[in-house]
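Asker: Dumping the structure here so I can ask a few things about it.
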Amino acid sequence: MKTAPSKNVLFLVVDSLMSHAIDQGIKEGRLPALSFLIQHGQYHKELVSSFPTMSITIDSTLLTGTYTDRHRVPGLIWYDRDEGRVINYGTGFREIIRDGINRTLQDLVSHLNQKHLNPETPTLYEELARLGIRSGSINGMVYMGKHGP
């Protein structure tokens, strides 16, 4: 029995860009790369974001298929009762300086994936690894998978 050749999947999330802006940019010829990807793939514009609409939370929802009550990353800034402190993944320069650059970077780069994201809620990367499929993330802050950075 012959199996169909596998296809690579590129899942592109364009944060904070509305479909009407993409459509207008394509119409004006200003987005050739996105135009190419749309012509050779799928373009879904009738989507509704999870809440709250902050990248860290949305990425956690997209990559786990669950909402904040399950993946446990409730926002870009939130209070952690266990640690007795505010977790801030970087809401602004003043807050980063106030909270400390090292603390903010440690929360964003390490704690987000290793402590804050619920280890009982597998990510897409973990599910793909379980199936023997390689995957990766470029510029995504939520990357929890079988192999870390």
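Identifiers in the structure tokens: chain A, B, ... in order shown; residue index from 1 per chain; ligand index from 1 in order shown.
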DSSP says alpha helix (DSSP H) for which residues of region 90-122 of chain A? Put them as a VMD selection string?

Answerer: chain A and resid 93 to 99 101 to 105

Asker: Any chance you can output those residues with C-alpha atoms as a compact mmCIF listing (two decimals), in the first residue's frame?

Answerer:
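Full text of selection.txt as output:
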```txt
# COMPACT_ATOMS: atom_id res chain seq x y z
CA PHE A 93 9.75 49.74 29.19
CA ARG A 94 8.94 51.40 32.55
CA GLU A 95 7.45 48.21 33.95
CA ILE A 96 10.44 46.16 32.78
CA ILE A 97 12.84 48.57 34.50
CA ARG A 98 10.65 48.66 37.64
CA ASP A 99 10.36 44.87 37.89
CA ILE A 101 15.14 43.28 33.30
CA ASN A 102 16.44 39.92 34.53
CA ARG A 103 13.14 39.00 36.20
CA THR A 104 11.09 39.98 33.15
CA LEU A 105 13.37 38.05 30.78
```

Asker: What lies within 9 Å of region 130-147 of chain A using only C-alpha atoms, ignoring chain neighbours under 2 positions off, as a list in words?

Answerer: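 Here the answer would be Ile56, Asp59, Ser60, Leu63, Leu108, Val109, Leu112, Asn113, Gln114, Leu117, Pro119, Pro122, Thr123, Leu124, Tyr125, Glu126, Glu127, Leu128 and Pro149 of chain A.
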
Asker: For those residues, write all heavy atoms to a file as a short mmCIF file (atom, residue, chain, number, x, y, z; two decimals), in the first residue's frame.

Answerer:
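Writing the result to selection08.cif gives the following:
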```
data_model
loop_
_atom_site.label_atom_id
_atom_site.label_comp_id
_atom_site.auth_asym_id
_atom_site.auth_seq_id
_atom_site.Cartn_x
_atom_site.Cartn_y
_atom_site.Cartn_z
N ILE A 56 0.63 36.57 24.47
CA ILE A 56 1.05 35.42 25.28
C ILE A 56 -0.13 34.50 25.56
O ILE A 56 -0.01 33.28 25.45
CB ILE A 56 1.70 35.90 26.61
CG1 ILE A 56 2.99 36.68 26.34
CG2 ILE A 56 1.91 34.75 27.57
CD1 ILE A 56 4.14 35.85 25.82
N ASP A 59 -1.41 32.93 22.14
CA ASP A 59 -0.49 31.88 21.70
C ASP A 59 -0.65 30.62 22.55
O ASP A 59 -0.64 29.51 22.02
CB ASP A 59 0.95 32.37 21.76
CG ASP A 59 1.26 33.43 20.72
OD1 ASP A 59 0.40 33.71 19.86
OD2 ASP A 59 2.37 33.99 20.77
N SER A 60 -0.80 30.80 23.85
CA SER A 60 -0.99 29.66 24.74
C SER A 60 -2.28 28.92 24.39
O SER A 60 -2.32 27.69 24.38
CB SER A 60 -1.02 30.11 26.20
OG SER A 60 0.19 30.71 26.56
N LEU A 63 -1.81 27.12 20.92
CA LEU A 63 -0.88 25.99 20.95
C LEU A 63 -1.30 24.85 21.88
O LEU A 63 -0.75 23.76 21.80
CB LEU A 63 0.53 26.48 21.28
CG LEU A 63 1.13 27.35 20.17
CD1 LEU A 63 2.41 28.01 20.63
CD2 LEU A 63 1.35 26.54 18.91
N LEU A 108 9.65 35.56 30.90
CA LEU A 108 9.27 35.41 29.50
C LEU A 108 9.96 34.23 28.82
O LEU A 108 9.32 33.42 28.15
CB LEU A 108 9.58 36.70 28.74
CG LEU A 108 9.18 36.75 27.28
CD1 LEU A 108 7.67 36.57 27.11
CD2 LEU A 108 9.62 38.07 26.66
N VAL A 109 11.25 34.12 28.99
CA VAL A 109 12.02 33.12 28.26
C VAL A 109 12.00 31.74 28.93
O VAL A 109 11.96 30.73 28.26
CB VAL A 109 13.47 33.61 28.06
CG1 VAL A 109 14.32 32.56 27.39
CG2 VAL A 109 13.49 34.90 27.24
N LEU A 112 7.70 31.10 31.61
CA LEU A 112 6.47 30.97 30.83
C LEU A 112 6.28 29.53 30.37
O LEU A 112 5.22 28.95 30.55
CB LEU A 112 6.51 31.91 29.61
CG LEU A 112 5.40 31.71 28.57
CD1 LEU A 112 4.03 31.94 29.18
CD2 LEU A 112 5.64 32.65 27.39
N ASN A 113 7.31 28.94 29.81
CA ASN A 113 7.20 27.59 29.26
C ASN A 113 7.49 26.50 30.28
O ASN A 113 6.93 25.41 30.19
CB ASN A 113 8.16 27.44 28.07
CG ASN A 113 7.68 28.27 26.91
OD1 ASN A 113 6.81 27.86 26.19
ND2 ASN A 113 8.24 29.46 26.77
N GLN A 114 8.32 26.76 31.24
CA GLN A 114 8.73 25.71 32.18
C GLN A 114 7.93 25.69 33.48
O GLN A 114 7.89 24.66 34.15
CB GLN A 114 10.22 25.85 32.50
CG GLN A 114 11.11 25.84 31.27
CD GLN A 114 10.90 24.65 30.36
OE1 GLN A 114 10.76 23.53 30.82
NE2 GLN A 114 10.88 24.88 29.07
N LEU A 117 3.06 27.79 32.08
CA LEU A 117 2.21 27.01 31.19
C LEU A 117 1.97 25.64 31.82
O LEU A 117 2.92 24.97 32.23
CB LEU A 117 2.89 26.86 29.82
CG LEU A 117 2.03 26.46 28.64
CD1 LEU A 117 0.92 27.47 28.38
CD2 LEU A 117 2.89 26.31 27.40
N PRO A 119 1.88 22.07 32.65
CA PRO A 119 2.51 20.89 32.07
C PRO A 119 1.54 19.74 31.80
O PRO A 119 1.84 18.83 31.05
CB PRO A 119 3.57 20.49 33.11
CG PRO A 119 3.09 21.07 34.39
CD PRO A 119 2.32 22.32 34.02
N PRO A 122 -0.89 19.55 27.15
CA PRO A 122 0.15 19.47 26.12
C PRO A 122 -0.02 20.51 25.02
O PRO A 122 -1.14 20.90 24.68
CB PRO A 122 -0.01 18.06 25.54
CG PRO A 122 -1.37 17.62 25.92
CD PRO A 122 -1.75 18.38 27.15
N THR A 123 1.11 20.97 24.50
CA THR A 123 1.10 21.91 23.39
C THR A 123 1.05 21.14 22.07
O THR A 123 1.29 19.93 22.02
CB THR A 123 2.36 22.79 23.39
OG1 THR A 123 3.51 21.96 23.16
CG2 THR A 123 2.50 23.57 24.69
N LEU A 124 0.78 21.85 21.02
CA LEU A 124 0.80 21.27 19.68
C LEU A 124 2.17 20.63 19.41
O LEU A 124 2.24 19.54 18.85
CB LEU A 124 0.51 22.36 18.65
CG LEU A 124 0.61 21.96 17.18
CD1 LEU A 124 -0.43 20.89 16.85
CD2 LEU A 124 0.45 23.17 16.29
N TYR A 125 3.24 21.29 19.83
CA TYR A 125 4.59 20.76 19.63
C TYR A 125 4.76 19.41 20.33
O TYR A 125 5.35 18.49 19.78
CB TYR A 125 5.65 21.73 20.14
CG TYR A 125 5.50 23.13 19.58
CD1 TYR A 125 5.28 24.21 20.44
CD2 TYR A 125 5.57 23.38 18.22
CE1 TYR A 125 5.15 25.49 19.93
CE2 TYR A 125 5.43 24.66 17.71
CZ TYR A 125 5.23 25.71 18.58
OH TYR A 125 5.09 26.99 18.08
N GLU A 126 4.24 19.29 21.53
CA GLU A 126 4.35 18.03 22.27
C GLU A 126 3.52 16.93 21.61
O GLU A 126 3.96 15.78 21.53
CB GLU A 126 3.91 18.24 23.72
CG GLU A 126 4.87 19.11 24.51
CD GLU A 126 4.32 19.50 25.87
OE1 GLU A 126 3.20 20.03 25.94
OE2 GLU A 126 5.03 19.25 26.85
N GLU A 127 2.33 17.28 21.14
CA GLU A 127 1.47 16.29 20.48
C GLU A 127 2.11 15.83 19.17
O GLU A 127 2.08 14.63 18.86
CB GLU A 127 0.08 16.87 20.22
CG GLU A 127 -0.75 17.06 21.48
CD GLU A 127 -1.09 15.74 22.16
OE1 GLU A 127 -1.34 14.72 21.48
OE2 GLU A 127 -1.09 15.72 23.40
N LEU A 128 2.68 16.75 18.42
CA LEU A 128 3.34 16.36 17.17
C LEU A 128 4.55 15.47 17.46
O LEU A 128 4.78 14.48 16.76
CB LEU A 128 3.74 17.60 16.37
CG LEU A 128 2.58 18.38 15.76
CD1 LEU A 128 3.07 19.70 15.18
CD2 LEU A 128 1.86 17.56 14.71
N PRO A 149 14.63 25.24 24.05
CA PRO A 149 15.57 26.06 23.25
C PRO A 149 17.01 25.72 23.59
O PRO A 149 17.33 25.17 24.59
CB PRO A 149 15.24 27.47 23.67
CG PRO A 149 14.60 27.36 25.00
CD PRO A 149 13.96 26.00 25.04
#
```

Asker: Identify which of the residues A:Ala129, A:Ile58, A:Val73, A:Val48 lies closest to Asp107 (chain A), counting only C-alpha atoms when measuring atom-to-atom distances.

Answerer: A:Val73

Asker: Pick out the closest residue to Lys45 (chain A) from this set: A:Thr91, A:Ser19, A:Gln106, A:Thr121. Count only C-alpha atoms.

Answerer: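 For Lys45 (chain A), the nearest of the candidates is A:Ser19.
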
Asker: Write out as a CSV table (one decimal) with C-alpha atoms, in the first residue's frame which residues come within 12 Å of Leu34 (chain A) when counting only C-alpha atoms, dropping same-chain ones fewer than 5 positions away.

Answerer:
```csv
chain,number,residue,atom,x,y,z
A,12,LEU,CA,1.5,31.9,10.3
A,13,VAL,CA,-0.1,34.1,12.9
A,14,VAL,CA,0.0,37.8,12.0
A,19,SER,CA,-8.0,40.9,7.4
A,21,ALA,CA,-5.8,45.5,6.0
A,22,ILE,CA,-4.3,42.3,4.5
A,23,ASP,CA,-6.9,42.4,1.7
A,24,GLN,CA,-6.2,46.0,0.9
A,25,GLY,CA,-2.4,45.5,0.9
A,26,ILE,CA,-2.7,42.5,-1.5
A,27,LYS,CA,-5.1,44.5,-3.7
A,29,GLY,CA,0.3,44.8,-4.5
A,39,GLN,CA,-2.6,31.7,-3.2
A,40,HIS,CA,-0.7,28.5,-2.3
A,41,GLY,CA,-2.4,27.7,1.1
A,42,GLN,CA,-5.4,28.7,3.1
A,43,TYR,CA,-6.4,32.1,4.4
```

Asker: Report, in Å with one decimal, the straight-line distance from CA of Asn118 (chain A) to CA of His71 (chain A).

Answerer: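 Between CA of Asn118 (chain A) and CA of His71 (chain A) the gap is 4.9 Å.
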
Asker: Do you have the CA of Met54 (chain A)-CA of Glu83 (chain A) distance handy?

Answerer: 22.1 Å

Asker: Pick the closest to Thr64 (chain A) from A:Glu120, A:Tyr79, A:Val86, A:Val9: which is it, counting only C-alpha atoms?

Answerer: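 Ranking A:Glu120, A:Tyr79, A:Val86, A:Val9 by distance to Thr64 (chain A), first place goes to A:Glu120.
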